$ cat my_file00.cif   # mmCIF, C-alpha atoms and all ligand atoms
data_protein
loop_
_atom_site.label_atom_id
_atom_site.label_comp_id
_atom_site.auth_asym_id
_atom_site.auth_seq_id
_atom_site.Cartn_x
_atom_site.Cartn_y
_atom_site.Cartn_z
CA MET A 253 23.62 19.33 24.41
CA LEU A 254 21.51 17.15 22.12
CA PRO A 255 22.69 16.00 18.68
CA GLU A 256 21.74 18.12 15.67
CA GLY A 257 18.12 17.51 14.67
CA LEU A 258 16.95 16.26 18.07
CA VAL A 259 14.96 19.12 19.62
CA LEU A 260 13.18 18.99 22.99
CA HIS A 261 10.28 21.38 23.60
CA HIS A 262 10.07 20.92 27.35
CA GLY A 263 6.62 21.79 28.72
CA HIS A 264 5.15 22.52 25.29
CA LEU A 265 1.69 21.47 26.55
CA ASP A 266 0.24 23.04 29.70
CA ALA A 267 -2.16 21.10 31.94
CA ALA A 268 -5.25 22.15 29.96
CA ALA A 269 -3.67 21.21 26.63
CA GLN A 270 -2.60 17.82 28.03
CA ALA A 271 -6.14 17.13 29.24
CA GLY A 272 -7.61 18.15 25.87
CA LEU A 273 -5.21 15.97 23.92
CA LEU A 274 -5.82 13.06 26.29
CA SER A 275 -9.58 13.15 25.71
CA ALA A 276 -9.03 13.13 21.95
CA LEU A 277 -6.68 10.14 22.32
CA ARG A 278 -9.33 8.28 24.33
CA GLU A 279 -11.54 8.52 21.22
CA VAL A 280 -8.73 7.06 19.13
CA ALA A 281 -8.30 4.18 21.60
CA ARG A 282 -12.05 3.50 21.55
CA ALA A 283 -12.13 3.30 17.74
CA ALA A 284 -8.84 1.37 17.52
CA PRO A 285 -8.09 -0.49 20.78
CA PRO A 286 -4.37 -0.61 21.71
CA ARG A 287 -2.85 -4.10 21.55
CA ARG A 288 0.41 -5.64 22.69
CA MET A 289 1.74 -6.84 19.36
CA GLU A 290 4.10 -9.68 18.56
CA THR A 291 7.52 -9.02 17.14
CA ARG A 292 8.63 -10.86 14.02
CA GLY A 293 10.50 -13.15 16.39
CA GLY A 294 7.25 -14.04 18.20
CA ARG A 295 7.84 -12.08 21.40
CA ARG A 296 5.07 -9.98 22.87
CA MET A 297 5.92 -6.30 23.36
CA SER A 298 5.32 -4.77 26.80
CA VAL A 299 4.00 -1.55 25.23
CA ALA A 300 0.39 -1.54 23.93
CA MET A 301 0.02 0.24 20.59
CA THR A 302 -2.57 1.58 18.21
CA SER A 303 -2.69 4.16 15.41
CA ALA A 304 -4.69 6.96 13.82
CA GLY A 305 -4.43 8.36 10.32
CA ARG A 306 -4.26 7.08 6.75
CA LEU A 307 -1.88 4.31 7.80
CA GLY A 308 -1.29 2.43 11.04
CA TRP A 309 1.84 0.69 12.24
CA VAL A 310 1.49 -3.05 12.85
CA SER A 311 3.78 -5.89 13.86
CA ASP A 312 3.26 -9.64 13.68
CA ALA A 313 5.05 -12.76 12.48
CA LYS A 314 5.27 -11.17 9.01
CA GLY A 315 7.25 -8.23 10.38
CA TYR A 316 6.86 -4.49 10.89
CA ARG A 317 4.88 -2.41 8.39
CA TYR A 318 2.23 0.26 7.84
CA GLU A 319 -1.29 -0.89 6.91
CA PRO A 320 -4.37 1.10 5.78
CA ARG A 321 -6.68 -1.05 7.92
CA GLN A 322 -6.84 -2.38 11.46
CA PRO A 323 -6.70 -6.15 12.05
CA SER A 324 -10.54 -5.94 12.35
CA ASP A 325 -10.58 -4.58 8.75
CA ALA A 326 -11.85 -1.16 9.92
CA LEU A 327 -10.01 1.95 8.80
CA TRP A 328 -7.90 3.73 11.44
CA PRO A 329 -9.59 6.72 13.13
CA PRO A 330 -8.56 10.23 12.05
CA ILE A 331 -5.60 11.98 13.69
CA PRO A 332 -7.06 14.38 16.30
CA GLU A 333 -6.86 18.08 15.48
CA ALA A 334 -5.09 18.74 18.81
CA ALA A 335 -2.24 16.47 17.65
CA LEU A 336 -2.09 18.00 14.17
CA ALA A 337 -1.77 21.45 15.80
CA ILE A 338 1.36 20.24 17.63
CA TRP A 339 2.78 18.89 14.36
CA ARG A 340 2.22 22.25 12.65
CA ALA A 341 3.80 24.12 15.56
CA VAL A 342 7.04 22.14 15.81
CA SER A 343 7.71 19.96 12.74
CA GLY A 344 8.58 22.62 10.16
CA TRP A 345 7.18 20.14 7.61
CA LYS A 346 4.81 21.11 4.80
CA GLU A 347 2.74 17.91 4.63
CA PRO A 348 0.61 16.56 7.47
CA PRO A 349 1.60 13.24 9.09
CA ASP A 350 0.18 10.00 7.64
CA CYS A 351 0.31 8.13 10.94
CA LEU A 352 -0.10 8.87 14.61
CA LEU A 353 1.26 5.91 16.58
CA LEU A 354 -0.07 5.77 20.14
CA ASN A 355 2.02 3.85 22.70
CA HIS A 356 0.76 2.99 26.19
CA TYR A 357 3.28 2.07 28.89
CA GLY A 358 1.88 0.31 31.95
CA GLU A 359 3.96 -0.54 35.01
CA GLY A 360 7.23 -2.18 33.94
CA ALA A 361 6.78 -1.53 30.21
CA ARG A 362 9.84 -0.55 28.22
CA MET A 363 11.00 -0.27 24.62
CA GLY A 364 14.35 -1.66 23.53
CA LEU A 365 16.83 0.31 21.48
CA HIS A 366 15.72 0.49 17.82
CA GLN A 367 15.64 2.68 14.72
CA ASP A 368 12.40 3.87 13.10
CA ARG A 369 12.89 2.84 9.49
CA ASP A 370 9.55 1.55 8.23
CA GLU A 371 8.40 4.93 6.86
CA ASN A 372 10.41 5.39 3.64
CA ALA A 373 10.35 9.13 4.36
CA PHE A 374 13.54 9.84 6.26
CA ASP A 375 13.65 13.46 5.12
CA ALA A 376 10.53 14.16 7.19
CA PRO A 377 10.83 14.53 10.98
CA VAL A 378 9.08 12.41 13.63
CA VAL A 379 7.29 14.36 16.37
CA SER A 380 6.76 12.70 19.78
CA VAL A 381 4.48 13.88 22.59
CA SER A 382 4.68 12.49 26.15
CA LEU A 383 1.71 12.31 28.55
CA GLY A 384 1.53 10.89 32.08
CA ASP A 385 4.34 9.23 34.00
CA PRO A 386 7.99 10.23 33.39
CA ALA A 387 10.05 8.03 31.06
CA ARG A 388 13.80 7.53 30.82
CA PHE A 389 14.44 8.09 27.06
CA ARG A 390 17.72 6.65 25.75
CA PHE A 391 19.38 7.57 22.48
CA GLY A 392 22.62 6.87 20.68
CA GLY A 393 23.84 7.58 17.17
CA LEU A 394 23.40 6.17 13.69
CA GLU A 395 25.31 2.99 14.58
CA ARG A 396 24.00 0.49 17.12
CA SER A 397 27.42 0.33 18.73
CA GLU A 398 27.66 4.05 19.52
CA ARG A 399 27.54 5.15 23.14
CA THR A 400 24.13 6.18 24.42
CA ARG A 401 22.87 8.93 26.70
CA SER A 402 19.52 9.36 28.40
CA PHE A 403 17.21 11.98 29.80
CA GLU A 404 13.71 11.99 31.24
CA LEU A 405 10.63 12.87 29.18
CA LEU A 406 7.84 14.44 31.23
CA SER A 407 4.14 14.93 30.62
CA GLY A 408 3.66 17.76 28.12
CA ASP A 409 7.12 17.44 26.58
CA VAL A 410 7.41 17.38 22.78
CA LEU A 411 10.48 15.90 21.07
CA VAL A 412 11.31 16.39 17.38
CA MET A 413 13.65 13.97 15.58
CA GLY A 414 14.68 15.38 12.24
CA GLY A 415 17.60 15.94 9.92
CA PRO A 416 20.69 13.95 10.94
CA SER A 417 18.86 12.58 14.02
CA ARG A 418 15.97 10.98 12.12
CA LEU A 419 17.61 7.52 12.08
CA ILE A 420 19.29 7.46 15.47
CA TRP A 421 18.95 4.44 17.75
CA HIS A 422 16.56 5.14 20.65
CA GLY A 423 14.34 3.48 23.24
CA VAL A 424 12.70 3.80 26.64
CA ASP A 425 14.51 2.20 29.60
CA ARG A 426 11.73 2.52 32.16
CA ILE A 427 8.90 4.70 33.33
CA ARG A 428 8.38 6.00 36.87
CA PHE A 429 4.95 4.47 37.36
CA GLY A 430 2.35 6.34 39.40
CA VAL A 431 4.17 9.70 39.53
CA SER A 432 1.80 11.70 37.30
CA PRO A 433 -1.88 12.19 38.15
CA LEU A 434 -2.86 12.61 34.47
CA LEU A 435 -3.96 9.02 33.69
CA ASP A 436 -6.37 7.59 36.28
CA LYS A 437 -4.75 4.15 36.12
CA GLY A 438 -1.20 5.52 35.97
CA GLY A 439 1.29 4.85 33.20
CA ARG A 440 2.45 6.79 30.22
CA LEU A 441 1.16 7.61 26.74
CA ASN A 442 3.50 8.55 23.94
CA LEU A 443 2.28 9.59 20.55
CA THR A 444 4.52 9.85 17.53
CA MET A 445 3.47 11.43 14.26
CA ARG A 446 5.16 10.30 11.06
CA VAL A 447 5.13 10.90 7.32
CA VAL A 448 4.95 7.49 5.57
CA ARG A 449 5.53 6.78 1.89
CA GLU A 450 4.81 3.68 -0.14
CA GLY A 451 7.58 1.09 -0.30
C1 LIG B 1 14.28 9.31 17.55
N1 LIG B 1 8.65 5.63 20.98
O1 LIG B 1 7.23 4.70 18.90
S1 LIG B 1 9.44 8.65 21.59
C2 LIG B 1 8.47 4.68 18.79
O2 LIG B 1 8.50 7.01 24.15
C3 LIG B 1 9.30 5.16 19.93
O3 LIG B 1 7.18 5.66 23.13
C4 LIG B 1 9.31 6.00 22.21
O4 LIG B 1 10.48 5.10 19.86
C5 LIG B 1 8.25 6.26 23.23
O5 LIG B 1 9.07 4.32 17.78
C6 LIG B 1 10.23 7.16 22.05
C7 LIG B 1 10.84 9.52 20.97
C8 LIG B 1 11.25 9.12 19.60
C9 LIG B 1 10.35 8.66 18.67
C10 LIG B 1 10.74 8.41 17.36
C11 LIG B 1 12.06 8.63 16.99
C12 LIG B 1 12.56 9.32 19.23
C13 LIG B 1 12.98 9.08 17.93
C14 LIG B 1 12.48 8.43 15.65
C15 LIG B 1 13.77 8.70 15.30
C16 LIG B 1 14.67 9.12 16.24
FE FE B 2 11.05 4.65 17.80
#

$ encode --input "my_file00.cif" --output "structure tokens"
Amino acid sequence: MLPEGLVLHHGHLDAAAQAGLLSALREVARAAPPRRMETRGGRRMSVAMTSAGRLGWVSDAKGYRYEPRQPSDALWPPIPEAALAIWRAVSGWKEPPDCLLLNHYGEGARMGLHQDRDENAFDAPVVSVSLGDPARFRFGGLERSERTRSFELLSGDVLVMGGPSRLIWHGVDRIRFGVSPLLDKGGRLNLTMRVVREG
């Protein structure tokens, strides 16, 4: 049993839909190359990230925030229609997302336990789509100290975090590198779509 508001659509995307989404994400990565960003504390993240949409998520010595432009000053590329179709199918939300955050996990990459709280739109859900190698997703509750549980996210899985689960602590312990044939170089892509409001 998952907590209220955390909904897993296992196998939402079949092989053809995964391949179609992947080619659209390659366009995003060409227009906005993924980078391993620095945390506010000056540590380099193991996950490479980029964005599409009206706003992109960035991190540097100044902290975490959403910006309308890439570090190069270019606008972020548009969110692919294949991703917006997933949002419409599972989010139950009236507005489209403002940001698609694309995360690439190479061998050994992980993401520590955190909350997503830079959006100022905690009524709106976050929708996550997994592609490529399996990942051990870990989640707890609204307090950092609460006990955590984990399950594996597989290629084609879609996870919705809404309602009372929108601000839960979560992260990725590890991926099982080289298991999925989807990405030629192995690894995992995760995309999250978010509604973002001004400060
Ligand atoms: C639960 N990404 O980008 S996706 C992130 O697999 C992030 O790349 C992980 O956490 C990844 O911020 C996990 C599942 C996920 C995404 C956002 C959430 C779970 C969430 C927001 C609120 C609660
Ligand atoms: Fe997160």

$ closest_residue --input "my_file00.cif" --among "A:Pro320, A:Pro348, A:Gly257, A:Gly430" --to "ligand LIG 1 (chain B)" --atoms "all atoms listed in the file"
A:Gly257

$ residues_around --input "my_file00.cif" --residues "Arg418 (chain A)" --least-positions-apart "2" --cutoff "10 Å" --atoms "only C-alpha atoms" --output "PyMOL selection string"
chain A and resi 256-258+367-369+373-378+393-394+412-416+420-421

$ closest_residue --input "my_file00.cif" --among "A:Leu419, A:Val259, A:Ala337, A:Leu327" --to "ligand LIG 1 (chain B)" --atoms "only C-alpha atoms and all ligand atoms"
A:Leu419

$ atom_distance --input "my_file00.cif" --atom1 "CA of Gly315 (chain A)" --atom2 "atom O5 of ligand LIG 1 (chain B)"
14.7 Å

$ atom_distance --input "my_file00.cif" --atom1 "CA of Val447 (chain A)" --atom2 "CA of Arg362 (chain A)"
24.3 Å

$ closest_residue --input "my_file00.cif" --among "A:Val424, A:Leu441, A:Ala284, A:Leu265" --to "ligand FE 2 (chain B)" --atoms "all atoms listed in the file"
A:Val424

$ closest_residue --input "my_file00.cif" --among "A:Val431, A:Met363, A:Met301, A:Met253" --to "ligand FE 2 (chain B)" --atoms "only C-alpha atoms and all ligand atoms"
A:Met363

$ residues_around --input "my_file00.cif" --residues "Ala304 (chain A)" --least-positions-apart "4" --cutoff "8 Å" --atoms "all atoms listed in the file" --output "list in words"
Val280, Ala284, Gly308, Trp328, Pro329, Pro330, Ile331, Cys351, Leu352, Leu353 and Leu354 of chain A

$ write_last_selection --input "my_file00.cif" --atoms "C-alpha atoms" --output "mmCIF file, in the frame of the given file"
data_model
loop_
_atom_site.group_PDB
_atom_site.id
_atom_site.type_symbol
_atom_site.label_atom_id
_atom_site.label_comp_id
_atom_site.auth_asym_id
_atom_site.auth_seq_id
_atom_site.Cartn_x
_atom_site.Cartn_y
_atom_site.Cartn_z
ATOM 1 C CA VAL A 280 -8.730 7.060 19.130
ATOM 2 C CA ALA A 284 -8.840 1.370 17.520
ATOM 3 C CA GLY A 308 -1.290 2.430 11.040
ATOM 4 C CA TRP A 328 -7.900 3.730 11.440
ATOM 5 C CA PRO A 329 -9.590 6.720 13.130
ATOM 6 C CA PRO A 330 -8.560 10.230 12.050
ATOM 7 C CA ILE A 331 -5.600 11.980 13.690
ATOM 8 C CA CYS A 351 0.310 8.130 10.940
ATOM 9 C CA LEU A 352 -0.100 8.870 14.610
ATOM 10 C CA LEU A 353 1.260 5.910 16.580
ATOM 11 C CA LEU A 354 -0.070 5.770 20.140
#

$ closest_residue --input "my_file00.cif" --among "A:Asp425, A:Glu450, A:Asp325, A:Asp436" --to "ligand LIG 1 (chain B)" --atoms "all atoms listed in the file"
A:Asp425

$ residues_near_point --input "my_file00.cif" --point "(6.5, 21.9, 18.5)" --cutoff "7 Å" --atoms "all atoms listed in the file" --output "list in words"
His261, His264, Ile338, Trp339, Ala341, Val342, Ser343 and Val410 of chain A

$ residues_around --input "my_file00.cif" --residues "Gln270 (chain A)" --least-positions-apart "5" --cutoff "8 Å" --atoms "all atoms listed in the file" --output "list in words"
Leu265, Leu383, Ser407 and Gly408 of chain A

$ atom_distance --input "my_file00.cif" --atom1 "CA of Arg282 (chain A)" --atom2 "CA of Thr302 (chain A)"
10.2 Å

$ residues_around --input "my_file00.cif" --residues "Arg399 (chain A)" --least-positions-apart "2" --cutoff "12 Å" --atoms "all atoms listed in the file" --output "PyMOL selection string"
chain A and resi 365+390-397+401-402+420-422

$ residues_near_point --input "my_file00.cif" --point "(13.5, 5.3, 32.4)" --cutoff "10 Å" --atoms "only C-alpha atoms" --output "list in words"
Gly360, Ala361, Arg362, Met363, Pro386, Ala387, Arg388, Phe389, Arg390, Ser402, Phe403, Glu404, Leu405, Gly423, Val424, Asp425, Arg426, Ile427, Arg428 and Phe429 of chain A

$ closest_residue --input "my_file00.cif" --among "A:Asn355, A:Thr291, A:Ser432, A:Asn372" --to "ligand LIG 1 (chain B)" --atoms "all atoms listed in the file"
A:Asn355

$ decode --input "my_file00.cif" --residues "region 281-295 of chain A" --atoms "all heavy atoms" --output "PDB file, in the first residue's frame"
ATOM      1  N   ALA A 281      17.418  17.454 -24.944  1.00  0.00           N
ATOM      2  CA  ALA A 281      18.809  17.419 -24.475  1.00  0.00           C
ATOM      3  C   ALA A 281      19.753  18.096 -25.461  1.00  0.00           C
ATOM      4  O   ALA A 281      20.797  18.619 -25.073  1.00  0.00           O
ATOM      5  CB  ALA A 281      19.237  15.977 -24.223  1.00  0.00           C
ATOM      6  N   ARG A 282      19.374  18.088 -26.758  1.00  0.00           N
ATOM      7  CA  ARG A 282      20.210  18.785 -27.745  1.00  0.00           C
ATOM      8  C   ARG A 282      20.078  20.303 -27.569  1.00  0.00           C
ATOM      9  O   ARG A 282      21.059  21.039 -27.648  1.00  0.00           O
ATOM     10  CB  ARG A 282      19.804  18.364 -29.149  1.00  0.00           C
ATOM     11  CG  ARG A 282      20.782  18.846 -30.206  1.00  0.00           C
ATOM     12  CD  ARG A 282      20.600  18.131 -31.516  1.00  0.00           C
ATOM     13  NE  ARG A 282      19.228  18.223 -31.987  1.00  0.00           N
ATOM     14  CZ  ARG A 282      18.633  17.301 -32.722  1.00  0.00           C
ATOM     15  NH1 ARG A 282      19.281  16.188 -33.025  1.00  0.00           N
ATOM     16  NH2 ARG A 282      17.411  17.460 -33.133  1.00  0.00           N
ATOM     17  N   ALA A 283      18.854  20.762 -27.328  1.00  0.00           N
ATOM     18  CA  ALA A 283      18.624  22.210 -27.196  1.00  0.00           C
ATOM     19  C   ALA A 283      19.053  22.742 -25.826  1.00  0.00           C
ATOM     20  O   ALA A 283      19.328  23.937 -25.679  1.00  0.00           O
ATOM     21  CB  ALA A 283      17.147  22.516 -27.438  1.00  0.00           C
ATOM     22  N   ALA A 284      19.087  21.866 -24.833  1.00  0.00           N
ATOM     23  CA  ALA A 284      19.439  22.264 -23.461  1.00  0.00           C
ATOM     24  C   ALA A 284      20.243  21.121 -22.845  1.00  0.00           C
ATOM     25  O   ALA A 284      19.693  20.241 -22.190  1.00  0.00           O
ATOM     26  CB  ALA A 284      18.175  22.539 -22.644  1.00  0.00           C
ATOM     27  N   PRO A 285      21.567  21.105 -23.074  1.00  0.00           N
ATOM     28  CA  PRO A 285      22.381  19.963 -22.641  1.00  0.00           C
ATOM     29  C   PRO A 285      22.328  19.730 -21.130  1.00  0.00           C
ATOM     30  O   PRO A 285      22.498  20.679 -20.355  1.00  0.00           O
ATOM     31  CB  PRO A 285      23.797  20.352 -23.079  1.00  0.00           C
ATOM     32  CG  PRO A 285      23.611  21.354 -24.159  1.00  0.00           C
ATOM     33  CD  PRO A 285      22.353  22.101 -23.817  1.00  0.00           C
ATOM     34  N   PRO A 286      22.093  18.476 -20.699  1.00  0.00           N
ATOM     35  CA  PRO A 286      22.082  18.158 -19.260  1.00  0.00           C
ATOM     36  C   PRO A 286      23.455  18.443 -18.632  1.00  0.00           C
ATOM     37  O   PRO A 286      24.486  18.227 -19.258  1.00  0.00           O
ATOM     38  CB  PRO A 286      21.766  16.661 -19.235  1.00  0.00           C
ATOM     39  CG  PRO A 286      21.067  16.392 -20.519  1.00  0.00           C
ATOM     40  CD  PRO A 286      21.685  17.318 -21.514  1.00  0.00           C
ATOM     41  N   ARG A 287      23.423  18.952 -17.408  1.00  0.00           N
ATOM     42  CA  ARG A 287      24.655  19.279 -16.689  1.00  0.00           C
ATOM     43  C   ARG A 287      24.576  18.712 -15.283  1.00  0.00           C
ATOM     44  O   ARG A 287      23.505  18.640 -14.696  1.00  0.00           O
ATOM     45  CB  ARG A 287      24.829  20.807 -16.565  1.00  0.00           C
ATOM     46  CG  ARG A 287      24.854  21.575 -17.845  1.00  0.00           C
ATOM     47  CD  ARG A 287      24.917  23.076 -17.570  1.00  0.00           C
ATOM     48  NE  ARG A 287      23.782  23.527 -16.787  1.00  0.00           N
ATOM     49  CZ  ARG A 287      23.876  24.176 -15.625  1.00  0.00           C
ATOM     50  NH1 ARG A 287      25.053  24.436 -15.077  1.00  0.00           N
ATOM     51  NH2 ARG A 287      22.785  24.537 -14.981  1.00  0.00           N
ATOM     52  N   ARG A 288      25.725  18.347 -14.732  1.00  0.00           N
ATOM     53  CA  ARG A 288      25.775  17.997 -13.308  1.00  0.00           C
ATOM     54  C   ARG A 288      25.971  19.287 -12.545  1.00  0.00           C
ATOM     55  O   ARG A 288      27.028  19.899 -12.609  1.00  0.00           O
ATOM     56  CB  ARG A 288      26.909  16.997 -13.061  1.00  0.00           C
ATOM     57  CG  ARG A 288      26.583  15.604 -13.619  1.00  0.00           C
ATOM     58  CD  ARG A 288      27.742  14.656 -13.436  1.00  0.00           C
ATOM     59  NE  ARG A 288      28.138  14.574 -12.031  1.00  0.00           N
ATOM     60  CZ  ARG A 288      29.286  14.064 -11.609  1.00  0.00           C
ATOM     61  NH1 ARG A 288      30.168  13.607 -12.481  1.00  0.00           N
ATOM     62  NH2 ARG A 288      29.561  14.025 -10.328  1.00  0.00           N
ATOM     63  N   MET A 289      24.925  19.703 -11.837  1.00  0.00           N
ATOM     64  CA  MET A 289      24.953  21.020 -11.181  1.00  0.00           C
ATOM     65  C   MET A 289      25.568  20.925  -9.789  1.00  0.00           C
ATOM     66  O   MET A 289      25.708  19.854  -9.222  1.00  0.00           O
ATOM     67  CB  MET A 289      23.531  21.567 -11.092  1.00  0.00           C
ATOM     68  CG  MET A 289      22.910  21.779 -12.470  1.00  0.00           C
ATOM     69  SD  MET A 289      21.340  22.631 -12.377  1.00  0.00           S
ATOM     70  CE  MET A 289      20.352  21.610 -13.444  1.00  0.00           C
ATOM     71  N   GLU A 290      25.948  22.104  -9.288  1.00  0.00           N
ATOM     72  CA  GLU A 290      26.483  22.203  -7.937  1.00  0.00           C
ATOM     73  C   GLU A 290      25.344  22.456  -6.961  1.00  0.00           C
ATOM     74  O   GLU A 290      24.421  23.205  -7.269  1.00  0.00           O
ATOM     75  CB  GLU A 290      27.425  23.415  -7.837  1.00  0.00           C
ATOM     76  CG  GLU A 290      28.541  23.441  -8.840  1.00  0.00           C
ATOM     77  CD  GLU A 290      29.819  22.868  -8.278  1.00  0.00           C
ATOM     78  OE1 GLU A 290      30.152  23.196  -7.124  1.00  0.00           O
ATOM     79  OE2 GLU A 290      30.462  22.076  -8.990  1.00  0.00           O
ATOM     80  N   THR A 291      25.431  21.880  -5.805  1.00  0.00           N
ATOM     81  CA  THR A 291      24.481  22.221  -4.744  1.00  0.00           C
ATOM     82  C   THR A 291      24.904  23.559  -4.141  1.00  0.00           C
ATOM     83  O   THR A 291      26.008  24.047  -4.394  1.00  0.00           O
ATOM     84  CB  THR A 291      24.483  21.161  -3.633  1.00  0.00           C
ATOM     85  OG1 THR A 291      25.782  21.153  -3.039  1.00  0.00           O
ATOM     86  CG2 THR A 291      24.161  19.779  -4.179  1.00  0.00           C
ATOM     87  N   ARG A 292      24.017  24.118  -3.331  1.00  0.00           N
ATOM     88  CA  ARG A 292      24.361  25.368  -2.653  1.00  0.00           C
ATOM     89  C   ARG A 292      25.652  25.199  -1.850  1.00  0.00           C
ATOM     90  O   ARG A 292      26.463  26.103  -1.755  1.00  0.00           O
ATOM     91  CB  ARG A 292      23.205  25.774  -1.724  1.00  0.00           C
ATOM     92  CG  ARG A 292      23.291  27.189  -1.199  1.00  0.00           C
ATOM     93  CD  ARG A 292      22.507  27.356   0.091  1.00  0.00           C
ATOM     94  NE  ARG A 292      21.159  26.790  -0.037  1.00  0.00           N
ATOM     95  CZ  ARG A 292      20.105  27.478  -0.407  1.00  0.00           C
ATOM     96  NH1 ARG A 292      20.217  28.741  -0.684  1.00  0.00           N
ATOM     97  NH2 ARG A 292      18.931  26.895  -0.485  1.00  0.00           N
ATOM     98  N   GLY A 293      25.821  23.984  -1.313  1.00  0.00           N
ATOM     99  CA  GLY A 293      27.010  23.706  -0.513  1.00  0.00           C
ATOM    100  C   GLY A 293      28.269  23.455  -1.324  1.00  0.00           C
ATOM    101  O   GLY A 293      29.323  23.168  -0.766  1.00  0.00           O
ATOM    102  N   GLY A 294      28.159  23.528  -2.686  1.00  0.00           N
ATOM    103  CA  GLY A 294      29.340  23.391  -3.526  1.00  0.00           C
ATOM    104  C   GLY A 294      29.694  21.967  -3.906  1.00  0.00           C
ATOM    105  O   GLY A 294      30.776  21.715  -4.427  1.00  0.00           O
ATOM    106  N   ARG A 295      28.759  21.022  -3.666  1.00  0.00           N
ATOM    107  CA  ARG A 295      29.022  19.641  -4.084  1.00  0.00           C
ATOM    108  C   ARG A 295      28.365  19.371  -5.421  1.00  0.00           C
ATOM    109  O   ARG A 295      27.280  19.861  -5.691  1.00  0.00           O
ATOM    110  CB  ARG A 295      28.535  18.669  -3.020  1.00  0.00           C
ATOM    111  CG  ARG A 295      29.434  18.743  -1.800  1.00  0.00           C
ATOM    112  CD  ARG A 295      29.045  17.900  -0.633  1.00  0.00           C
ATOM    113  NE  ARG A 295      28.330  16.681  -0.945  1.00  0.00           N
ATOM    114  CZ  ARG A 295      28.082  15.756  -0.016  1.00  0.00           C
ATOM    115  NH1 ARG A 295      28.506  15.931   1.218  1.00  0.00           N
ATOM    116  NH2 ARG A 295      27.410  14.674  -0.325  1.00  0.00           N
TER     117      ARG A 295
END
